[in-house]
$ cat upload_6.json   # JSON, C-alpha atoms
[["chain", "number", "residue", "atom", "x", "y", "z"],
["A", 1, "MET", "CA", 17.51, -23.22, -12.29],
["A", 2, "LYS", "CA", 14.06, -22.09, -11.15],
["A", 3, "LYS", "CA", 12.32, -19.56, -13.34],
["A", 4, "SER", "CA", 11.44, -16.23, -11.77],
["A", 5, "ILE", "CA", 7.89, -14.91, -12.05],
["A", 6, "PHE", "CA", 9.18, -11.34, -12.22],
["A", 7, "SER", "CA", 10.05, -9.81, -15.58],
["A", 8, "PHE", "CA", 12.75, -7.22, -16.15],
["A", 9, "SER", "CA", 10.39, -5.14, -18.36],
["A", 10, "ALA", "CA", 10.66, -4.86, -22.12],
["A", 11, "PHE", "CA", 14.29, -3.86, -21.80],
["A", 12, "VAL", "CA", 15.17, -7.03, -19.97],
["A", 13, "ALA", "CA", 13.45, -9.23, -22.54],
["A", 14, "LEU", "CA", 16.08, -7.90, -24.94],
["A", 15, "MET", "CA", 18.94, -7.87, -22.46],
["A", 16, "MET", "CA", 20.98, -10.40, -24.41],
["A", 17, "SER", "CA", 21.52, -7.82, -27.14],
["A", 18, "VAL", "CA", 25.12, -6.78, -27.66],
["A", 19, "LEU", "CA", 25.82, -3.27, -26.37],
["A", 20, "THR", "CA", 28.89, -1.15, -26.43],
["A", 21, "ALA", "CA", 31.60, -1.43, -23.79],
["A", 22, "LEU", "CA", 30.56, 0.06, -20.49],
["A", 23, "VAL", "CA", 32.42, 2.81, -18.68],
["A", 24, "PHE", "CA", 31.17, 4.71, -15.63],
["A", 25, "THR", "CA", 31.77, 8.45, -15.69],
["A", 26, "SER", "CA", 31.96, 8.64, -11.91],
["A", 27, "CYS", "CA", 32.55, 6.29, -9.02],
["A", 28, "GLU", "CA", 31.34, 6.37, -5.41],
["A", 29, "LYS", "CA", 32.42, 4.21, -2.51],
["A", 30, "ILE", "CA", 29.82, 1.48, -1.95],
["A", 31, "ILE", "CA", 29.28, -1.13, 0.72],
["A", 32, "ILE", "CA", 30.10, -4.71, -0.27],
["A", 33, "ASP", "CA", 29.85, -7.30, 2.50],
["A", 34, "ASP", "CA", 30.16, -4.49, 5.06],
["A", 35, "GLU", "CA", 33.46, -3.30, 3.61],
["A", 36, "GLU", "CA", 34.03, -0.15, 1.56],
["A", 37, "THR", "CA", 35.09, -1.05, -1.95],
["A", 38, "SER", "CA", 35.55, 1.12, -5.03],
["A", 39, "CYS", "CA", 33.17, 0.28, -7.84],
["A", 40, "ASN", "CA", 34.46, -1.53, -10.93],
["A", 41, "MET", "CA", 35.21, 0.92, -13.75],
["A", 42, "ASN", "CA", 35.23, -1.68, -16.53],
["A", 43, "GLY", "CA", 32.73, -4.39, -15.64],
["A", 44, "ASN", "CA", 31.21, -6.66, -18.28],
["A", 45, "LEU", "CA", 27.75, -6.37, -16.67],
["A", 46, "ARG", "CA", 26.03, -3.09, -15.98],
["A", 47, "VAL", "CA", 22.64, -3.05, -14.23],
["A", 48, "ARG", "CA", 20.44, 0.03, -14.10],
["A", 49, "VAL", "CA", 17.16, 0.41, -12.24],
["A", 50, "PHE", "CA", 14.97, 1.77, -15.00],
["A", 51, "GLN", "CA", 11.95, 2.44, -12.80],
["A", 52, "VAL", "CA", 10.05, 1.23, -9.75],
["A", 53, "GLU", "CA", 6.42, 0.20, -10.08],
["A", 54, "ASN", "CA", 5.43, 2.19, -7.02],
["A", 55, "THR", "CA", 1.72, 2.72, -7.37],
["A", 56, "PRO", "CA", 0.64, 3.96, -3.94],
["A", 57, "PHE", "CA", -1.26, 1.36, -1.95],
["A", 58, "GLY", "CA", -4.94, 1.97, -2.64],
["A", 59, "SER", "CA", -4.48, 3.56, -6.06],
["A", 60, "LEU", "CA", -6.02, 1.78, -9.04],
["A", 61, "THR", "CA", -3.70, 3.42, -11.55],
["A", 62, "ARG", "CA", -0.29, 1.93, -12.28],
["A", 63, "ALA", "CA", 2.52, 4.38, -11.69],
["A", 64, "ALA", "CA", 6.28, 4.33, -11.87],
["A", 65, "GLN", "CA", 8.92, 6.35, -10.06],
["A", 66, "PRO", "CA", 12.68, 6.73, -10.14],
["A", 67, "ALA", "CA", 14.35, 4.48, -7.58],
["A", 68, "SER", "CA", 15.49, 7.46, -5.49],
["A", 69, "GLU", "CA", 11.86, 8.49, -4.90],
["A", 70, "ALA", "CA", 10.58, 5.02, -4.03],
["A", 71, "CYS", "CA", 13.24, 3.56, -1.73],
["A", 72, "ALA", "CA", 16.26, 4.53, 0.36],
["A", 73, "ARG", "CA", 18.37, 1.45, -0.40],
["A", 74, "LEU", "CA", 19.13, -0.80, -3.34],
["A", 75, "ASN", "CA", 20.80, -4.22, -3.19],
["A", 76, "PHE", "CA", 22.25, -5.61, -6.43],
["A", 77, "LEU", "CA", 22.88, -9.35, -5.97],
["A", 78, "ILE", "CA", 24.47, -11.87, -8.33],
["A", 79, "TYR", "CA", 24.10, -15.60, -7.61],
["A", 80, "ASN", "CA", 25.79, -18.62, -9.16],
["A", 81, "THR", "CA", 23.67, -21.46, -10.52],
["A", 82, "ASP", "CA", 24.25, -23.44, -7.30],
["A", 83, "GLY", "CA", 22.63, -20.64, -5.27],
["A", 84, "SER", "CA", 25.83, -19.25, -3.77],
["A", 85, "ARG", "CA", 26.24, -15.48, -3.90],
["A", 86, "ALA", "CA", 28.90, -14.38, -6.38],
["A", 87, "LYS", "CA", 28.76, -10.57, -6.11],
["A", 88, "MET", "CA", 26.90, -7.87, -4.19],
["A", 89, "VAL", "CA", 26.62, -4.08, -4.36],
["A", 90, "ASN", "CA", 24.63, -2.17, -1.72],
["A", 91, "GLN", "CA", 23.68, 1.45, -2.30],
["A", 92, "THR", "CA", 21.89, 4.24, -0.44],
["A", 93, "SER", "CA", 19.90, 6.99, -2.08],
["A", 94, "ASN", "CA", 22.57, 9.64, -1.41],
["A", 95, "ASP", "CA", 25.10, 7.79, -3.59],
["A", 96, "LYS", "CA", 25.79, 9.60, -6.86],
["A", 97, "ASN", "CA", 25.42, 6.39, -8.85],
["A", 98, "PHE", "CA", 22.29, 5.24, -7.00],
["A", 99, "GLY", "CA", 20.41, 2.91, -9.30],
["A", 100, "THR", "CA", 23.37, 1.75, -11.40],
["A", 101, "ALA", "CA", 25.87, -1.00, -10.59],
["A", 102, "SER", "CA", 28.71, -2.66, -12.51],
["A", 103, "PHE", "CA", 30.17, -6.15, -12.13],
["A", 104, "GLN", "CA", 33.06, -8.08, -13.65],
["A", 105, "LEU", "CA", 31.89, -11.68, -14.01],
["A", 106, "ASP", "CA", 33.29, -14.87, -15.47],
["A", 107, "GLU", "CA", 31.59, -16.44, -18.44],
["A", 108, "GLY", "CA", 28.47, -18.39, -17.49],
["A", 109, "ASP", "CA", 24.91, -18.27, -16.20],
["A", 110, "TYR", "CA", 23.80, -16.28, -13.15],
["A", 111, "LEU", "CA", 20.73, -15.11, -11.27],
["A", 112, "LEU", "CA", 20.46, -11.32, -11.06],
["A", 113, "VAL", "CA", 18.41, -9.96, -8.14],
["A", 114, "VAL", "CA", 17.73, -6.30, -7.35],
["A", 115, "VAL", "CA", 15.92, -5.35, -4.13],
["A", 116, "GLY", "CA", 14.65, -1.87, -3.28],
["A", 117, "HIS", "CA", 13.54, -0.92, 0.25],
["A", 118, "SER", "CA", 13.86, 1.66, 3.04],
["A", 119, "ALA", "CA", 14.92, -0.51, 5.97],
["A", 120, "ASN", "CA", 17.54, 0.64, 8.47],
["A", 121, "GLY", "CA", 20.10, -1.76, 7.02],
["A", 122, "ASN", "CA", 20.72, -4.25, 4.25],
["A", 123, "PRO", "CA", 19.05, -7.67, 4.34],
["A", 124, "THR", "CA", 20.87, -10.94, 4.83],
["A", 125, "SER", "CA", 21.26, -12.22, 1.27],
["A", 126, "THR", "CA", 23.65, -15.18, 1.17],
["A", 127, "ASN", "CA", 20.78, -17.44, 0.06],
["A", 128, "PRO", "CA", 18.50, -16.20, -2.78],
["A", 129, "GLN", "CA", 15.59, -18.17, -1.33],
["A", 130, "LYS", "CA", 16.01, -16.57, 2.10],
["A", 131, "ILE", "CA", 16.62, -12.84, 1.72],
["A", 132, "SER", "CA", 15.82, -11.64, 5.22],
["A", 133, "PHE", "CA", 15.01, -8.46, 7.15],
["A", 134, "THR", "CA", 14.84, -8.27, 10.95],
["A", 135, "ASN", "CA", 12.66, -6.49, 13.50],
["A", 136, "ALA", "CA", 15.58, -4.18, 14.27],
["A", 137, "GLN", "CA", 15.96, -3.13, 10.64],
["A", 138, "GLY", "CA", 12.22, -2.55, 10.26],
["A", 139, "TYR", "CA", 9.84, -3.80, 7.59],
["A", 140, "THR", "CA", 9.19, -1.38, 4.76],
["A", 141, "ASP", "CA", 7.71, -1.14, 1.31],
["A", 142, "THR", "CA", 9.89, -3.56, -0.68],
["A", 143, "PHE", "CA", 10.41, -4.05, -4.42],
["A", 144, "LEU", "CA", 12.06, -6.82, -6.41],
["A", 145, "SER", "CA", 13.30, -7.76, -9.84],
["A", 146, "SER", "CA", 14.98, -11.09, -10.54],
["A", 147, "GLY", "CA", 15.90, -13.13, -13.58],
["A", 148, "ASP", "CA", 18.53, -15.25, -15.27],
["A", 149, "ILE", "CA", 21.40, -13.71, -17.23],
["A", 150, "THR", "CA", 24.22, -15.17, -19.32],
["A", 151, "ILE", "CA", 27.66, -13.55, -19.44],
["A", 152, "ASP", "CA", 29.70, -13.74, -22.64],
["A", 153, "PRO", "CA", 33.22, -12.39, -21.98],
["A", 154, "GLU", "CA", 33.38, -11.06, -25.53],
["A", 155, "GLU", "CA", 30.14, -9.07, -25.33],
["A", 156, "PRO", "CA", 29.45, -6.76, -22.35],
["A", 157, "LEU", "CA", 25.84, -6.83, -21.16],
["A", 158, "GLU", "CA", 23.64, -3.96, -20.02],
["A", 159, "VAL", "CA", 20.36, -4.66, -18.22],
["A", 160, "ASP", "CA", 17.59, -2.19, -17.37],
["A", 161, "VAL", "CA", 15.31, -3.52, -14.64],
["A", 162, "THR", "CA", 11.90, -2.53, -13.31],
["A", 163, "LEU", "CA", 11.25, -3.30, -9.65],
["A", 164, "GLU", "CA", 7.80, -4.48, -8.54],
["A", 165, "ARG", "CA", 6.26, -4.42, -5.06],
["A", 166, "ILE", "CA", 6.26, -7.80, -3.25],
["A", 167, "VAL", "CA", 4.93, -6.90, 0.20],
["A", 168, "ALA", "CA", 1.43, -6.87, 1.65],
["A", 169, "LEU", "CA", 0.41, -4.01, 3.96],
["A", 170, "CYS", "CA", -1.90, -3.93, 6.96],
["A", 171, "ARG", "CA", -2.79, -0.31, 7.75],
["A", 172, "PHE", "CA", -4.05, -0.21, 11.35],
["A", 173, "VAL", "CA", -6.06, 2.93, 12.17],
["A", 174, "VAL", "CA", -7.28, 3.94, 15.66],
["A", 175, "THR", "CA", -10.41, 6.10, 15.60],
["A", 176, "ASP", "CA", -10.74, 6.90, 19.32],
["A", 177, "ASP", "CA", -8.47, 9.03, 21.50],
["A", 178, "ILE", "CA", -5.26, 7.46, 22.76],
["A", 179, "PRO", "CA", -5.19, 7.62, 26.59],
["A", 180, "ALA", "CA", -2.49, 9.83, 28.07],
["A", 181, "ASP", "CA", -0.77, 6.95, 29.86],
["A", 182, "VAL", "CA", -0.23, 5.05, 26.59],
["A", 183, "LYS", "CA", 3.28, 5.75, 25.28],
["A", 184, "LYS", "CA", 3.86, 2.93, 22.78],
["A", 185, "MET", "CA", 1.80, 0.81, 20.40],
["A", 186, "GLN", "CA", 3.30, -2.64, 19.80],
["A", 187, "PHE", "CA", 2.26, -4.88, 16.91],
["A", 188, "TYR", "CA", 3.22, -8.57, 16.97],
["A", 189, "TYR", "CA", 2.16, -10.65, 13.99],
["A", 190, "THR", "CA", 2.66, -14.14, 12.64],
["A", 191, "GLY", "CA", 1.54, -15.89, 9.47],
["A", 192, "GLY", "CA", 3.65, -13.70, 7.22],
["A", 193, "SER", "CA", 7.41, -13.53, 6.85],
["A", 194, "GLY", "CA", 10.33, -11.15, 7.20],
["A", 195, "THR", "CA", 12.16, -13.31, 4.66],
["A", 196, "PHE", "CA", 11.38, -13.81, 0.96],
["A", 197, "ASP", "CA", 12.36, -16.04, -1.93],
["A", 198, "ALA", "CA", 13.89, -14.06, -4.79],
["A", 199, "TYR", "CA", 12.58, -16.61, -7.32],
["A", 200, "THR", "CA", 8.94, -16.08, -6.32],
["A", 201, "GLY", "CA", 8.79, -12.89, -4.26],
["A", 202, "LEU", "CA", 6.86, -14.80, -1.56],
["A", 203, "GLY", "CA", 7.69, -15.33, 2.10],
["A", 204, "SER", "CA", 9.96, -18.30, 2.72],
["A", 205, "VAL", "CA", 10.09, -18.73, 6.53],
["A", 206, "ASN", "CA", 7.53, -18.45, 9.34],
["A", 207, "SER", "CA", 8.51, -15.21, 11.03],
["A", 208, "LYS", "CA", 7.48, -13.60, 14.30],
["A", 209, "GLN", "CA", 7.41, -9.92, 13.35],
["A", 210, "THR", "CA", 7.27, -7.10, 15.88],
["A", 211, "VAL", "CA", 6.96, -3.38, 15.21],
["A", 212, "THR", "CA", 6.74, -0.76, 17.98],
["A", 213, "PHE", "CA", 5.71, 2.89, 17.56],
["A", 214, "ASP", "CA", 6.11, 5.77, 20.02],
["A", 215, "VAL", "CA", 2.83, 7.62, 20.60],
["A", 216, "THR", "CA", 3.93, 10.05, 23.31],
["A", 217, "ASP", "CA", 1.66, 12.90, 22.19],
["A", 218, "GLY", "CA", -1.23, 10.72, 21.04],
["A", 219, "SER", "CA", -1.30, 12.24, 17.57],
["A", 220, "GLN", "CA", -0.24, 9.19, 15.56],
["A", 221, "LYS", "CA", -3.24, 6.97, 14.90],
["A", 222, "GLN", "CA", -2.21, 5.18, 11.70],
["A", 223, "PHE", "CA", 0.33, 2.35, 11.80],
["A", 224, "ASP", "CA", 1.68, 0.53, 8.72],
["A", 225, "LEU", "CA", 2.66, -3.15, 9.04],
["A", 226, "TYR", "CA", 4.47, -4.84, 6.13],
["A", 227, "THR", "CA", 5.01, -8.54, 5.52],
["A", 228, "PHE", "CA", 5.92, -11.04, 2.81],
["A", 229, "LEU", "CA", 3.07, -13.51, 2.42],
["A", 230, "HIS", "CA", 3.63, -17.23, 1.81],
["A", 231, "GLU", "CA", 0.88, -17.21, -0.81],
["A", 232, "GLN", "CA", -0.57, -14.46, -2.98],
["A", 233, "SER", "CA", -3.38, -14.23, -0.40],
["A", 234, "ASP", "CA", -3.12, -15.27, 3.23],
["A", 235, "ASN", "CA", -4.06, -14.28, 6.78],
["A", 236, "ILE", "CA", -1.87, -12.94, 9.57],
["A", 237, "ALA", "CA", -2.54, -13.26, 13.31],
["A", 238, "LEU", "CA", -2.09, -9.78, 14.79],
["A", 239, "LYS", "CA", -1.71, -8.90, 18.48],
["A", 240, "VAL", "CA", -1.88, -5.18, 19.28],
["A", 241, "THR", "CA", -0.68, -3.98, 22.69],
["A", 242, "ALA", "CA", -0.74, -0.48, 24.18],
["A", 243, "LEU", "CA", 2.15, 0.06, 26.63],
["A", 244, "ASP", "CA", 2.96, 2.65, 29.26],
["A", 245, "ASP", "CA", 6.37, 4.26, 29.89],
["A", 246, "SER", "CA", 7.57, 1.22, 31.83],
["A", 247, "GLY", "CA", 6.47, -1.30, 29.20],
["A", 248, "ASN", "CA", 3.40, -2.47, 31.13],
["A", 249, "GLU", "CA", 0.49, -3.72, 29.03],
["A", 250, "LEU", "CA", -2.54, -1.44, 29.30],
["A", 251, "TYR", "CA", -4.71, -2.67, 26.41],
["A", 252, "VAL", "CA", -4.42, -5.83, 24.32],
["A", 253, "ARG", "CA", -6.51, -6.95, 21.35],
["A", 254, "GLU", "CA", -6.02, -9.69, 18.78],
["A", 255, "PHE", "CA", -7.13, -9.90, 15.14],
["A", 256, "ASP", "CA", -7.12, -12.35, 12.25],
["A", 257, "VAL", "CA", -6.37, -10.18, 9.22],
["A", 258, "PRO", "CA", -6.80, -11.21, 5.56],
["A", 259, "MET", "CA", -3.91, -9.97, 3.41],
["A", 260, "GLU", "CA", -2.91, -10.01, -0.25],
["A", 261, "GLN", "CA", 0.41, -9.31, -1.96],
["A", 262, "ASN", "CA", 0.65, -5.76, -3.37],
["A", 263, "HIS", "CA", -2.61, -4.99, -1.59],
["A", 264, "ILE", "CA", -3.54, -2.87, 1.40],
["A", 265, "THR", "CA", -5.81, -4.11, 4.18],
["A", 266, "TRP", "CA", -7.22, -1.26, 6.27],
["A", 267, "LEU", "CA", -8.09, -2.31, 9.83],
["A", 268, "THR", "CA", -9.98, 0.55, 11.45],
["A", 269, "GLY", "CA", -11.84, 0.96, 14.71],
["A", 270, "ALA", "CA", -12.08, 2.26, 18.29],
["A", 271, "PHE", "CA", -9.23, 0.38, 19.93],
["A", 272, "PHE", "CA", -9.42, 1.73, 23.49],
["A", 273, "ASN", "CA", -13.18, 1.62, 24.02],
["A", 274, "GLY", "CA", -14.48, -1.58, 25.61],
["A", 275, "SER", "CA", -12.61, -4.22, 27.57],
["A", 276, "GLY", "CA", -8.88, -3.92, 28.04],
["A", 277, "SER", "CA", -8.17, -7.38, 26.65],
["A", 278, "SER", "CA", -10.14, -9.19, 23.99],
["A", 279, "ALA", "CA", -10.01, -11.37, 20.92],
["A", 280, "THR", "CA", -11.74, -9.28, 18.27],
["A", 281, "SER", "CA", -13.37, -10.36, 15.03],
["A", 282, "VAL", "CA", -13.51, -8.13, 11.97],
["A", 283, "THR", "CA", -16.71, -7.15, 10.16],
["A", 284, "GLY", "CA", -17.81, -5.20, 7.12],
["A", 285, "VAL", "CA", -15.37, -6.76, 4.65],
["A", 286, "THR", "CA", -15.22, -5.17, 1.19],
["A", 287, "VAL", "CA", -12.63, -6.12, -1.43],
["A", 288, "ASN", "CA", -11.51, -4.25, -4.51],
["A", 289, "THR", "CA", -9.78, -6.80, -6.74],
["A", 290, "ASP", "CA", -8.27, -4.32, -9.21],
["A", 291, "TRP", "CA", -4.50, -3.90, -9.27],
["A", 292, "ALA", "CA", -3.27, -2.46, -5.96],
["A", 293, "GLY", "CA", -6.77, -2.64, -4.52],
["A", 294, "GLU", "CA", -7.86, -2.35, -0.90],
["A", 295, "THR", "CA", -9.68, -4.36, 1.74],
["A", 296, "HIS", "CA", -11.52, -2.37, 4.43],
["A", 297, "LEU", "CA", -12.20, -4.00, 7.81],
["A", 298, "THR", "CA", -13.66, -2.60, 11.00],
["A", 299, "PHE", "CA", -13.39, -3.91, 14.55]]
$ encode --input "upload_6.json" --output "structure tokens"
Amino acid sequence: MKKSIFSFSAFVALMMSVLTALVFTSCEKIIIDDEETSCNMNGNLRVRVFQVENTPFGSLTRAAQPASEACARLNFLIYNTDGSRAKMVNQTSNDKNFGTASFQLDEGDYLLVVVGHSANGNPTSTNPQKISFTNAQGYTDTFLSSGDITIDPEEPLEVDVTLERIVALCRFVVTDDIPADVKKMQFYYTGGSGTFDAYTGLGSVNSKQTVTFDVTDGSQKQFDLYTFLHEQSDNIALKVTALDDSGNELYVREFDVPMEQNHITWLTGAFFNGSGSSATSVTGVTVNTDWAGETHLTF
């Protein structure tokens, strides 16, 4: 089985320690494969999200938050050694037991994956190497923990996990006034992925990602675009289109944007000044290589 590059924190390094039998004090209905199912009261594996490494993009200081403050959804996924999915628990932040899941598993080895995000739905997760979000669900700040576990039927196992950010973010900022006839800003980008590999945290397919924002009053000038990169550092091809009420293209510009995992790239400039359609280069590149650093570009 492939080895994950993500650790479960110090707790997970000791997760094979024998703990006492596990009993939940309360139980909420949860979504499993789109069906409501009561949670297992006496599972032999209990997983708890200990914290989320959620240092804000651009901050140079590592920070951690409870899962409920960092993401709206959690997906607890158990895979067999052949890559097939054995168990799944999906939670939303309004669940009483948000951040804790219990499973009853047969003796053997498994891959445990926990995904935290704020998309409009749960990702497709039948294949651990192709956990996928769609344009309709939206691409959001996304966190992951994954690692191998071994189940001994005689000794219940408790695992505390720490989730770490696996996305890259392009923050597109318009500095000039948005014309009154512009009602939507559409961002189409390739080179990244809407699908990631749980073993590596990197993008695993070549996706065509599209995100559209309403700008009816012209007040929103910052637009966040998330992607899973295929490498730790990579470029995305970004096409930005301003649309009117009827979906007609009013302004179009294209950019080649350098990105880095767990890193923000600011792309800032006067979008509407100049020609209505152009291929635009970026200038003034500065890079901060500290943890959760930033790249500032102007166009």
$ residues_around --input "upload_6.json" --residues "A:Val47" --least-positions-apart "5" --cutoff "9 Å" --atoms "all atoms listed in the file" --output "count of residues only"
11
$ residues_around --input "upload_6.json" --residues "stretch 175-189 of chain A" --least-positions-apart "3" --cutoff "9 Å" --atoms "only C-alpha atoms" --output "PyMOL selection string"
chain A and resi 192+207-221+223+225+236-245+247+250-251+268-273
$ write_last_selection --input "upload_6.json" --atoms "C-alpha atoms" --output "CSV table (one decimal), in the frame of the given file"
chain,number,residue,atom,x,y,z
A,192,GLY,CA,3.6,-13.7,7.2
A,207,SER,CA,8.5,-15.2,11.0
A,208,LYS,CA,7.5,-13.6,14.3
A,209,GLN,CA,7.4,-9.9,13.4
A,210,THR,CA,7.3,-7.1,15.9
A,211,VAL,CA,7.0,-3.4,15.2
A,212,THR,CA,6.7,-0.8,18.0
A,213,PHE,CA,5.7,2.9,17.6
A,214,ASP,CA,6.1,5.8,20.0
A,215,VAL,CA,2.8,7.6,20.6
A,216,THR,CA,3.9,10.0,23.3
A,217,ASP,CA,1.7,12.9,22.2
A,218,GLY,CA,-1.2,10.7,21.0
A,219,SER,CA,-1.3,12.2,17.6
A,220,GLN,CA,-0.2,9.2,15.6
A,221,LYS,CA,-3.2,7.0,14.9
A,223,PHE,CA,0.3,2.4,11.8
A,225,LEU,CA,2.7,-3.2,9.0
A,236,ILE,CA,-1.9,-12.9,9.6
A,237,ALA,CA,-2.5,-13.3,13.3
A,238,LEU,CA,-2.1,-9.8,14.8
A,239,LYS,CA,-1.7,-8.9,18.5
A,240,VAL,CA,-1.9,-5.2,19.3
A,241,THR,CA,-0.7,-4.0,22.7
A,242,ALA,CA,-0.7,-0.5,24.2
A,243,LEU,CA,2.2,0.1,26.6
A,244,ASP,CA,3.0,2.6,29.3
A,245,ASP,CA,6.4,4.3,29.9
A,247,GLY,CA,6.5,-1.3,29.2
A,250,LEU,CA,-2.5,-1.4,29.3
A,251,TYR,CA,-4.7,-2.7,26.4
A,268,THR,CA,-10.0,0.6,11.4
A,269,GLY,CA,-11.8,1.0,14.7
A,270,ALA,CA,-12.1,2.3,18.3
A,271,PHE,CA,-9.2,0.4,19.9
A,272,PHE,CA,-9.4,1.7,23.5
A,273,ASN,CA,-13.2,1.6,24.0
$ closest_residue --input "upload_6.json" --among "A:Leu163, A:Glu107, A:Pro123, A:Arg48" --to "A:Gln65" --atoms "all atoms listed in the file"
A:Leu163
$ residues_around --input "upload_6.json" --residues "A:Gln261" --least-positions-apart "3" --cutoff "7 Å" --atoms "only C-alpha atoms" --output "PyMOL selection string"
chain A and resi 166-168+229+232-233
$ residues_around --input "upload_6.json" --residues "A:Trp266" --least-positions-apart "3" --cutoff "7 Å" --atoms "only C-alpha atoms" --output "PyMOL selection string"
chain A and resi 170-172+295-297
$ closest_residue --input "upload_6.json" --among "A:Gly43, A:Gly83, A:Pro258, A:Gly108" --to "A:Ile151" --atoms "only C-alpha atoms"
A:Gly108
$ atom_distance --input "upload_6.json" --atom1 "atom CA of A:Ser93" --atom2 "atom CA of A:Ser146"
20.6 Å
$ atom_distance --input "upload_6.json" --atom1 "atom CA of A:Thr200" --atom2 "atom CA of A:Leu267"
27.2 Å
$ atom_distance --input "upload_6.json" --atom1 "atom CA of A:Asp256" --atom2 "atom CA of A:Ser193"
15.5 Å
